[in-house]
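Peer 1: So here's entry-v9.pdb, just PDB, C-alpha atoms:
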ATOM      1  CA  MET R  16      16.620  25.225  -5.179
ATOM      2  CA  ILE R  17      17.734  21.684  -4.334
ATOM      3  CA  VAL R  18      18.135  19.584  -7.492
ATOM      4  CA  HIS R  19      18.018  15.880  -6.635
ATOM      5  CA  ARG R  20      19.573  14.779  -9.926
ATOM      6  CA  PRO R  21      20.555  16.475 -13.208
ATOM      7  CA  ILE R  22      18.396  16.093 -16.316
ATOM      8  CA  PRO R  23      20.161  13.529 -18.573
ATOM      9  CA  ASP R  24      21.175  14.485 -22.110
ATOM     10  CA  GLY R  25      18.675  13.554 -24.807
ATOM     11  CA  PHE R  26      15.622  13.675 -22.535
ATOM     12  CA  ASP R  27      12.667  15.946 -23.314
ATOM     13  CA  ILE R  28      10.653  17.503 -20.490
ATOM     14  CA  LYS R  29       7.045  16.492 -21.113
ATOM     15  CA  THR R  30       5.246  17.762 -18.000
ATOM     16  CA  VAL R  31       6.057  19.849 -14.932
ATOM     17  CA  SER R  32       3.996  19.691 -11.743
ATOM     18  CA  VAL R  33       4.449  22.081  -8.830
ATOM     19  CA  THR R  34       3.214  20.957  -5.421
ATOM     20  CA  LYS R  35       3.074  23.035  -2.254
ATOM     21  CA  LYS R  36       3.880  21.012   0.871
ATOM     22  CA  ALA R  37       4.432  21.873   4.506
ATOM     23  CA  ASP R  38       8.185  22.286   4.103
ATOM     24  CA  GLY R  39       8.184  24.124   0.759
ATOM     25  CA  TYR R  40       7.432  23.743  -2.932
ATOM     26  CA  TYR R  41       8.269  20.619  -4.936
ATOM     27  CA  VAL R  42       8.725  20.521  -8.718
ATOM     28  CA  THR R  43       8.335  17.137 -10.425
ATOM     29  CA  LEU R  44       9.473  16.687 -14.022
ATOM     30  CA  SER R  45       8.185  13.997 -16.374
ATOM     31  CA  LEU R  46      10.885  13.137 -18.915
ATOM     32  CA  ASP R  47      10.820  11.306 -22.238
ATOM     33  CA  ASP R  48      13.663   9.571 -24.056
ATOM     34  CA  LYS R  49      12.664   8.006 -27.354
ATOM     35  CA  THR R  50      15.757   5.773 -27.368
ATOM     36  CA  ILE R  51      14.392   3.788 -24.405
ATOM     37  CA  PRO R  52      12.291   0.848 -25.668
ATOM     38  CA  THR R  53       8.780   0.187 -24.352
ATOM     39  CA  ILE R  54       8.874  -2.455 -21.640
ATOM     40  CA  LYS R  55       6.924  -5.518 -22.725
ATOM     41  CA  PRO R  56       5.455  -7.966 -20.205
ATOM     42  CA  ASP R  57       7.958 -10.719 -19.500
ATOM     43  CA  PHE R  58       6.907 -12.804 -16.527
ATOM     44  CA  ASP R  59       6.658 -16.404 -15.383
ATOM     45  CA  ALA R  60       2.940 -17.045 -14.792
ATOM     46  CA  ASN R  61       3.792 -19.882 -12.391
ATOM     47  CA  ASN R  62       5.885 -17.620 -10.145
ATOM     48  CA  ILE R  63       2.840 -16.144  -8.393
ATOM     49  CA  VAL R  64       1.964 -15.129  -4.843
ATOM     50  CA  GLY R  65      -1.277 -13.974  -3.248
ATOM     51  CA  ILE R  66      -1.332 -11.374  -0.479
ATOM     52  CA  ASP R  67      -4.078 -10.648   2.043
ATOM     53  CA  VAL R  68      -3.768  -7.155   3.555
ATOM     54  CA  GLY R  69      -4.887  -6.426   7.087
ATOM     55  CA  LEU R  70      -4.586  -4.167  10.115
ATOM     56  CA  ILE R  71      -2.621  -6.519  12.394
ATOM     57  CA  ASP R  72      -0.258  -7.687   9.663
ATOM     58  CA  PHE R  73       0.184  -5.277   6.750
ATOM     59  CA  TYR R  74       0.011  -8.357   4.594
ATOM     60  CA  VAL R  75       0.087 -12.144   4.881
ATOM     61  CA  ALA R  76       1.348 -13.906   1.738
ATOM     62  CA  SER R  77       0.349 -17.313   0.410
ATOM     63  CA  ASP R  78       3.929 -18.515   1.058
ATOM     64  CA  ASN R  79       3.235 -17.879   4.782
ATOM     65  CA  THR R  80       5.487 -14.812   4.994
ATOM     66  CA  ARG R  81       4.053 -11.753   6.679
ATOM     67  CA  ILE R  82       4.926  -8.155   7.479
ATOM     68  CA  ALA R  83       3.555  -6.508  10.626
ATOM     69  CA  ALA R  84       1.550  -3.310  10.129
ATOM     70  CA  PRO R  85       4.005  -0.474  10.892
ATOM     71  CA  LYS R  86       1.253   1.911  12.172
ATOM     72  CA  HIS R  87       3.191   5.081  11.350
ATOM     73  CA  LEU R  88       0.333   7.421  12.338
ATOM     74  CA  ARG R  89      -0.373   5.627  15.612
ATOM     75  CA  LYS R  90       3.296   5.833  16.622
ATOM     76  CA  ALA R  91       3.450   9.569  15.848
ATOM     77  CA  GLU R  92       0.065  10.367  17.433
ATOM     78  CA  ARG R  93       1.418  11.789  20.683
ATOM     79  CA  LYS R  94       3.744  14.237  18.896
ATOM     80  CA  LEU R  95       0.980  15.210  16.462
ATOM     81  CA  LYS R  96      -1.488  15.899  19.285
ATOM     82  CA  SER R  97       1.119  18.025  21.056
ATOM     83  CA  ALA R  98       1.715  20.031  17.857
ATOM     84  CA  GLN R  99      -2.062  20.394  17.349
ATOM     85  CA  ARG R 100      -2.500  21.739  20.898
ATOM     86  CA  ARG R 101       0.267  24.257  20.183
ATOM     87  CA  VAL R 102      -1.703  25.511  17.187
ATOM     88  CA  SER R 103      -4.907  25.763  19.236
ATOM     89  CA  ARG R 104      -3.218  27.863  21.927
ATOM     90  CA  ARG R 105      -1.847  30.423  19.475
ATOM     91  CA  LYS R 106      -3.824  33.560  18.611
ATOM     92  CA  LYS R 107      -5.563  33.356  15.228
ATOM     93  CA  GLY R 108      -3.800  35.386  12.547
ATOM     94  CA  SER R 109      -0.549  35.664  14.536
ATOM     95  CA  ASN R 110       2.909  34.765  13.248
ATOM     96  CA  ARG R 111       3.317  32.297  16.100
ATOM     97  CA  ARG R 112       0.146  30.460  14.984
ATOM     98  CA  ARG R 113       1.360  30.344  11.362
ATOM     99  CA  LYS R 114       4.661  28.933  12.561
ATOM    100  CA  ALA R 115       2.877  26.305  14.703
ATOM    101  CA  ILE R 116       0.667  25.305  11.752
ATOM    102  CA  LYS R 117       3.768  24.865   9.586
ATOM    103  CA  GLN R 118       5.433  22.693  12.242
ATOM    104  CA  LEU R 119       2.274  20.536  12.475
ATOM    105  CA  GLY R 120       2.252  20.173   8.686
ATOM    106  CA  VAL R 121       5.901  19.104   8.669
ATOM    107  CA  LYS R 122       5.160  16.378  11.244
ATOM    108  CA  HIS R 123       2.218  15.084   9.173
ATOM    109  CA  LYS R 124       4.405  15.114   6.067
ATOM    110  CA  LYS R 125       7.073  13.080   7.859
ATOM    111  CA  VAL R 126       4.465  10.402   8.677
ATOM    112  CA  ALA R 127       3.266  10.357   5.049
ATOM    113  CA  ASP R 128       6.838  10.163   3.702
ATOM    114  CA  THR R 129       7.730   7.316   6.085
ATOM    115  CA  ARG R 130       4.611   5.406   5.031
ATOM    116  CA  LYS R 131       5.386   5.914   1.330
ATOM    117  CA  ASP R 132       8.983   4.758   1.801
ATOM    118  CA  PHE R 133       7.692   1.610   3.543
ATOM    119  CA  HIS R 134       5.304   0.967   0.621
ATOM    120  CA  PHE R 135       8.100   1.301  -1.962
ATOM    121  CA  LYS R 136      10.423  -1.034  -0.057
ATOM    122  CA  THR R 137       7.650  -3.594   0.535
ATOM    123  CA  ALA R 138       6.669  -3.538  -3.155
ATOM    124  CA  LYS R 139      10.306  -4.012  -4.202
ATOM    125  CA  SER R 140      10.795  -6.993  -1.881
ATOM    126  CA  LEU R 141       7.715  -8.722  -3.375
ATOM    127  CA  LEU R 142       8.691  -8.025  -6.997
ATOM    128  CA  ASP R 143      12.268  -9.178  -6.386
ATOM    129  CA  LYS R 144      10.857 -12.566  -5.409
ATOM    130  CA  TYR R 145       7.728 -13.013  -7.559
ATOM    131  CA  ASP R 146       6.704 -12.250 -11.153
ATOM    132  CA  VAL R 147       2.954 -12.093 -10.478
ATOM    133  CA  ILE R 148       1.287 -10.609  -7.383
ATOM    134  CA  ALA R 149      -2.408 -11.271  -6.772
ATOM    135  CA  VAL R 150      -4.055  -8.672  -4.504
ATOM    136  CA  GLU R 151      -7.535  -7.818  -3.269
ATOM    137  CA  LYS R 152      -9.491  -5.071  -5.028
ATOM    138  CA  LEU R 153     -10.634  -3.234  -1.901
ATOM    139  CA  ASN R 154     -13.198  -0.448  -1.618
ATOM    140  CA  ILE R 155     -10.947   1.905   0.369
ATOM    141  CA  LYS R 156     -13.468   4.789   0.425
ATOM    142  CA  LYS R 157     -16.106   2.537   1.982
ATOM    143  CA  LEU R 158     -13.665   1.128   4.550
ATOM    144  CA  ALA R 159     -12.540   4.675   5.431
ATOM    145  CA  LYS R 160     -16.088   5.458   6.582
ATOM    146  CA  THR R 161     -16.161   2.670   9.179
ATOM    147  CA  ARG R 162     -14.934   2.684  12.792
ATOM    148  CA  LEU R 163     -11.626   1.351  11.436
ATOM    149  CA  ALA R 164     -11.098   4.518   9.357
ATOM    150  CA  LYS R 165      -7.970   5.718  11.174
ATOM    151  CA  SER R 166      -6.256   2.322  10.918
ATOM    152  CA  VAL R 167      -7.273   1.910   7.257
ATOM    153  CA  ASN R 168      -5.872   5.341   6.362
ATOM    154  CA  ASP R 169      -2.741   4.639   8.384
ATOM    155  CA  ALA R 170      -2.120   1.399   6.446
ATOM    156  CA  GLY R 171      -2.477   3.186   3.085
ATOM    157  CA  TRP R 172      -3.446   0.060   1.105
ATOM    158  CA  GLY R 173      -4.568   2.118  -1.900
ATOM    159  CA  GLN R 174      -1.216   3.892  -2.203
ATOM    160  CA  PHE R 175       0.638   0.604  -1.760
ATOM    161  CA  THR R 176      -1.356  -1.125  -4.523
ATOM    162  CA  THR R 177      -0.708   1.807  -6.891
ATOM    163  CA  ILE R 178       3.044   1.736  -6.176
ATOM    164  CA  LEU R 179       3.136  -2.061  -6.538
ATOM    165  CA  SER R 180       1.279  -1.915  -9.886
ATOM    166  CA  ASN R 181       3.515   0.854 -11.269
ATOM    167  CA  LYS R 182       6.736  -0.878 -10.247
ATOM    168  CA  ALA R 183       5.499  -4.167 -11.717
ATOM    169  CA  ALA R 184       4.618  -2.499 -15.038
ATOM    170  CA  ASN R 185       8.045  -0.840 -15.197
ATOM    171  CA  ALA R 186       9.701  -4.239 -14.685
ATOM    172  CA  GLY R 187       7.474  -6.130 -17.126
ATOM    173  CA  LEU R 188       5.833  -8.005 -14.249
ATOM    174  CA  LYS R 189       2.149  -8.390 -13.336
ATOM    175  CA  VAL R 190      -0.246  -7.349 -10.559
ATOM    176  CA  ILE R 191      -3.758  -8.841 -10.598
ATOM    177  CA  ALA R 192      -6.522  -7.176  -8.540
ATOM    178  CA  LEU R 193      -9.304  -9.573  -7.529
ATOM    179  CA  ASN R 194     -12.720  -9.435  -5.918
ATOM    180  CA  PRO R 195     -12.061 -10.300  -2.234
ATOM    181  CA  ASN R 196     -15.562 -11.647  -1.541
ATOM    182  CA  GLY R 197     -15.419 -15.000   0.230
ATOM    183  CA  THR R 198     -11.628 -15.324   0.379
ATOM    184  CA  SER R 199     -11.693 -15.552   4.198
ATOM    185  CA  GLN R 200     -14.718 -17.880   4.353
ATOM    186  CA  GLU R 201     -13.782 -20.340   1.610
ATOM    187  CA  CYS R 202     -11.496 -23.259   2.492
ATOM    188  CA  SER R 203      -8.300 -23.041   0.434
ATOM    189  CA  SER R 204      -7.957 -26.837   0.404
ATOM    190  CA  CYS R 205     -11.425 -28.102  -0.561
ATOM    191  CA  GLY R 206     -13.487 -24.989  -1.353
ATOM    192  CA  THR R 207     -16.062 -25.510   1.404
ATOM    193  CA  LYS R 208     -17.610 -22.286   2.702
ATOM    194  CA  VAL R 209     -16.783 -22.022   6.411
ATOM    195  CA  LYS R 210     -18.533 -19.030   7.982
ATOM    196  CA  LYS R 211     -16.683 -17.343  10.828
ATOM    197  CA  PRO R 212     -16.772 -13.946  12.555
ATOM    198  CA  LEU R 213     -13.918 -11.466  12.154
ATOM    199  CA  SER R 214     -12.780 -12.236  15.703
ATOM    200  CA  GLN R 215     -12.063 -15.881  14.779
ATOM    201  CA  ARG R 216      -8.464 -15.861  13.548
ATOM    202  CA  ILE R 217      -8.080 -19.589  12.750
ATOM    203  CA  HIS R 218      -9.722 -21.311   9.777
ATOM    204  CA  ASN R 219     -10.934 -24.798  10.709
ATOM    205  CA  CYS R 220     -12.590 -26.755   7.899
ATOM    206  CA  PRO R 221     -15.130 -29.371   9.106
ATOM    207  CA  VAL R 222     -14.913 -31.244   5.774
ATOM    208  CA  CYS R 223     -11.190 -31.682   4.980
ATOM    209  CA  HIS R 224      -9.998 -30.741   8.523
ATOM    210  CA  THR R 225      -7.592 -28.077   7.240
ATOM    211  CA  SER R 226      -6.537 -25.809  10.108
ATOM    212  CA  LEU R 227      -4.492 -22.681   9.468
ATOM    213  CA  CYS R 228      -4.347 -18.933  10.044
ATOM    214  CA  ARG R 229      -7.430 -17.175   8.660
ATOM    215  CA  ASP R 230      -5.302 -14.604   6.747
ATOM    216  CA  LEU R 231      -3.048 -17.305   5.272
ATOM    217  CA  ASN R 232      -6.149 -19.188   4.095
ATOM    218  CA  ALA R 233      -7.371 -15.982   2.401
ATOM    219  CA  ALA R 234      -3.965 -15.348   0.793
ATOM    220  CA  ILE R 235      -3.907 -18.857  -0.699
ATOM    221  CA  ASN R 236      -7.417 -18.317  -2.091
ATOM    222  CA  ILE R 237      -6.298 -15.003  -3.614
ATOM    223  CA  LYS R 238      -3.301 -16.729  -5.201
ATOM    224  CA  ASN R 239      -5.493 -19.532  -6.618
ATOM    225  CA  ARG R 240      -8.023 -17.063  -8.034
ATOM    226  CA  GLY R 241      -5.195 -14.989  -9.516
ATOM    227  CA  ALA R 242      -3.593 -18.038 -11.145
ATOM    228  CA  HIS R 243      -6.954 -19.092 -12.586
ATOM    229  CA  GLY R 244      -7.726 -15.605 -13.910
ATOM    230  CA  LEU R 245      -4.242 -15.198 -15.406
ATOM    231  CA  LYS R 246      -4.467 -18.573 -17.138
ATOM    232  CA  ALA R 247      -7.794 -17.541 -18.696
ATOM    233  CA  GLN R 248      -6.243 -14.232 -19.884
ATOM    234  CA  LEU R 249      -3.253 -15.943 -21.462
ATOM    235  CA  MET R 250      -5.430 -18.540 -23.216
ATOM    236  CA  SER R 251      -7.759 -15.871 -24.673
ATOM    237  CA  SER R 252      -4.837 -13.804 -25.951
TER     238      SER R 252
END
Could I get this file's structure written as structure tokens?
Peer 2:
Amino acid sequence: MIVHRPIPDGFDIKTVSVTKKADGYYVTLSLDDKTIPTIKPDFDANNIVGIDVGLIDFYVASDNTRIAAPKHLRKAERKLKSAQRRVSRRKKGSNRRRKAIKQLGVKHKKVADTRKDFHFKTAKSLLDKYDVIAVEKLNIKKLAKTRLAKSVNDAGWGQFTTILSNKAANAGLKVIALNPNGTSQECSSCGTKVKKPLSQRIHNCPVCHTSLCRDLNAAINIKNRGAHGLKAQLMSS
């Protein structure tokens, strides 16, 4: 057994989960230490950013920073197809087929682990810079049934949002999930609805003449909606 770190003194084991993966079994322990205080929210509501996720850029932020979509699955596709063909050529029930299936599983796990590591690092970089992150509340299951399914699953937006929310909660920071309807069509400067097809990547407002990247326009709208919603929450509490 490989123990990643020893159990600290004074901690109680609350839950144990055993997971079977391609390269072996994993045991995850949930620990409790009553001396550690509950983390209370402690954030600057004005230090907020909005992010618009996509398939070309993993996200575009309202501060005009962006991270390109890493496309982990796409990059590993050739090796995965080769491993899948190896499985198909092996005789069913044979040891060689079982070995080939295990090797295929290990390659898929490597893609998933690389994606998860990217999500953790991306979440950390955002939370190091901002106290409040406004994100879109996407219907991932619905998107995964479209022709973009492979790219949507490769991006892993759902996993990223979960990691971002958990890390924010552990740091006393805030993640706000918002309805994304109209964020790409609405002008971030004057609010005018400017209809445009998905292929049109530049937002050009005929009223206030604002011209900027479509995704940046959406990110600014997400930030503005998040700031408005957060202000309403704080006033009601």
Peer 1: Which residues of region 59-127 of chain R come within 10 Å of region 239-243 of chain R, and for each one, what is the closest pair of atoms and their distance in Å to one decimal, counting all atoms listed in the file, sorted by chain and residue number, as CSV?
Peer 2:
residue,atom,partner,partner_atom,distance
R:Ala60,CA,R:Ala242,CA,7.5
R:Asn61,CA,R:Ala242,CA,7.7
R:Asn62,CA,R:Ala242,CA,9.5
R:Ile63,CA,R:Ala242,CA,7.2
R:Val64,CA,R:Gly241,CA,8.6
R:Gly65,CA,R:Gly241,CA,7.5
R:Ser77,CA,R:Asn239,CA,9.4
Peer 1: Would you kindly translate the PyMOL selection byres ((chain R and resi 84) around 9) into the concrete residues it picks from this file, as a PDB file with C-alpha atoms, in the frame of the given file?
Peer 2:
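And here's result.pdb as it stands now:
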ATOM      1  CA  GLY R  69      -4.887  -6.426   7.087  1.00  0.00           C
ATOM      2  CA  LEU R  70      -4.586  -4.167  10.115  1.00  0.00           C
ATOM      3  CA  ILE R  71      -2.621  -6.519  12.394  1.00  0.00           C
ATOM      4  CA  ASP R  72      -0.258  -7.687   9.663  1.00  0.00           C
ATOM      5  CA  PHE R  73       0.184  -5.277   6.750  1.00  0.00           C
ATOM      6  CA  TYR R  74       0.011  -8.357   4.594  1.00  0.00           C
ATOM      7  CA  ILE R  82       4.926  -8.155   7.479  1.00  0.00           C
ATOM      8  CA  ALA R  83       3.555  -6.508  10.626  1.00  0.00           C
ATOM      9  CA  PRO R  85       4.005  -0.474  10.892  1.00  0.00           C
ATOM     10  CA  LYS R  86       1.253   1.911  12.172  1.00  0.00           C
ATOM     11  CA  HIS R  87       3.191   5.081  11.350  1.00  0.00           C
ATOM     12  CA  ALA R 170      -2.120   1.399   6.446  1.00  0.00           C
TER      13      ALA R 170
END
Peer 1: State, in Å with one decimal place, the distance from CA of Lys189 (chain R) to CA of Phe175 (chain R).
Peer 2: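 Answer for the CA of Lys189 (chain R) to CA of Phe175 (chain R) separation: 14.7 Å.
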Peer 1: Using Å and a single decimal, report how far CA of Ile178 (chain R) sits from CA of Phe133 (chain R).
Peer 2: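 Between CA of Phe133 (chain R) and CA of Ile178 (chain R) the gap is 10.8 Å.
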Peer 1: Where does the PyMOL selection byres ((chain R and resi 96-103) around 8) land in this file, that is, which residues does it pick, as a compact mmCIF listing (two decimals) with C-alpha atoms, keeping the file's coordinate frame?
Peer 2:
# COMPACT_ATOMS: atom_id res chain seq x y z
CA GLU R 92 0.06 10.37 17.43
CA ARG R 93 1.42 11.79 20.68
CA LYS R 94 3.74 14.24 18.90
CA LEU R 95 0.98 15.21 16.46
CA ARG R 104 -3.22 27.86 21.93
CA ARG R 105 -1.85 30.42 19.48
CA LYS R 106 -3.82 33.56 18.61
CA ARG R 112 0.15 30.46 14.98
CA ALA R 115 2.88 26.30 14.70
CA ILE R 116 0.67 25.30 11.75
CA GLN R 118 5.43 22.69 12.24
CA LEU R 119 2.27 20.54 12.48
Peer 1: Could you list the residues chosen by the PyMOL selection byres ((chain R and resi 41) around 12) in this structure as a ChimeraX atom specification?
Peer 2: /R:16-19,31-40,42-44
Peer 1: Please provide the set of residues having any atom within 12 Å of Lys55 (chain R), restricted to all atoms listed in the file, with same-chain residues fewer than 6 positions apart removed, written as a list of chain:residue names.
Peer 2: R:Ala183, R:Ala184, R:Asn185, R:Ala186, R:Gly187, R:Leu188, R:Lys189
Peer 1: To one decimal in Å, tell me the separation between CA of Trp172 (chain R) and CA of Lys124 (chain R).
Peer 2: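 Atom-to-atom, CA of Trp172 (chain R) and CA of Lys124 (chain R) are spaced 17.7 Å apart.
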Peer 1: Anything within 8 Å of (-4.7, -22.1, 13.0): list those residues as a ChimeraX atom specification, counting all atoms listed in the file and sticking to the file's coordinates.
Peer 2: /R:216-219,226-229
Peer 1: Could you check which of R:Asp143, R:Glu151, R:Asp57, R:Asp132 is closest to Ala233 (chain R), using all atoms listed in the file?
Peer 2: R:Glu151
Peer 1: List as an mmCIF file with C-alpha atoms, in the coordinates of the input the protein and nucleic acid residues near Asp27 (chain R), meaning an atom at most 9 Å away when all atoms listed in the file are counted, but skip any in the same chain fewer than 4 places from it.
Peer 2:
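Once everything was written out, this is out.cif:
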data_model
loop_
_atom_site.group_PDB
_atom_site.id
_atom_site.type_symbol
_atom_site.label_atom_id
_atom_site.label_comp_id
_atom_site.auth_asym_id
_atom_site.auth_seq_id
_atom_site.Cartn_x
_atom_site.Cartn_y
_atom_site.Cartn_z
ATOM 1 C CA SER R 45 8.185 13.997 -16.374
ATOM 2 C CA LEU R 46 10.885 13.137 -18.915
ATOM 3 C CA ASP R 47 10.820 11.306 -22.238
ATOM 4 C CA ASP R 48 13.663 9.571 -24.056
ATOM 5 C CA LYS R 49 12.664 8.006 -27.354
#
Peer 1: Find, counting all atoms listed in the file, the residue in R:Leu141, R:Leu88, R:Ala159, R:Leu249 that gets nearest to Lys122 (chain R).
Peer 2: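 That would be R:Leu88, the residue with the smallest distance to Lys122 (chain R).
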Peer 1: Using all atoms listed in the file for the distances, tell me which of R:Ala234, R:Leu245, R:Val75, R:Cys205 is nearest to Val147 (chain R).
Peer 2: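 Of R:Ala234, R:Leu245, R:Val75, R:Cys205, the one nearest Val147 (chain R) is R:Leu245, counting all atoms listed in the file.
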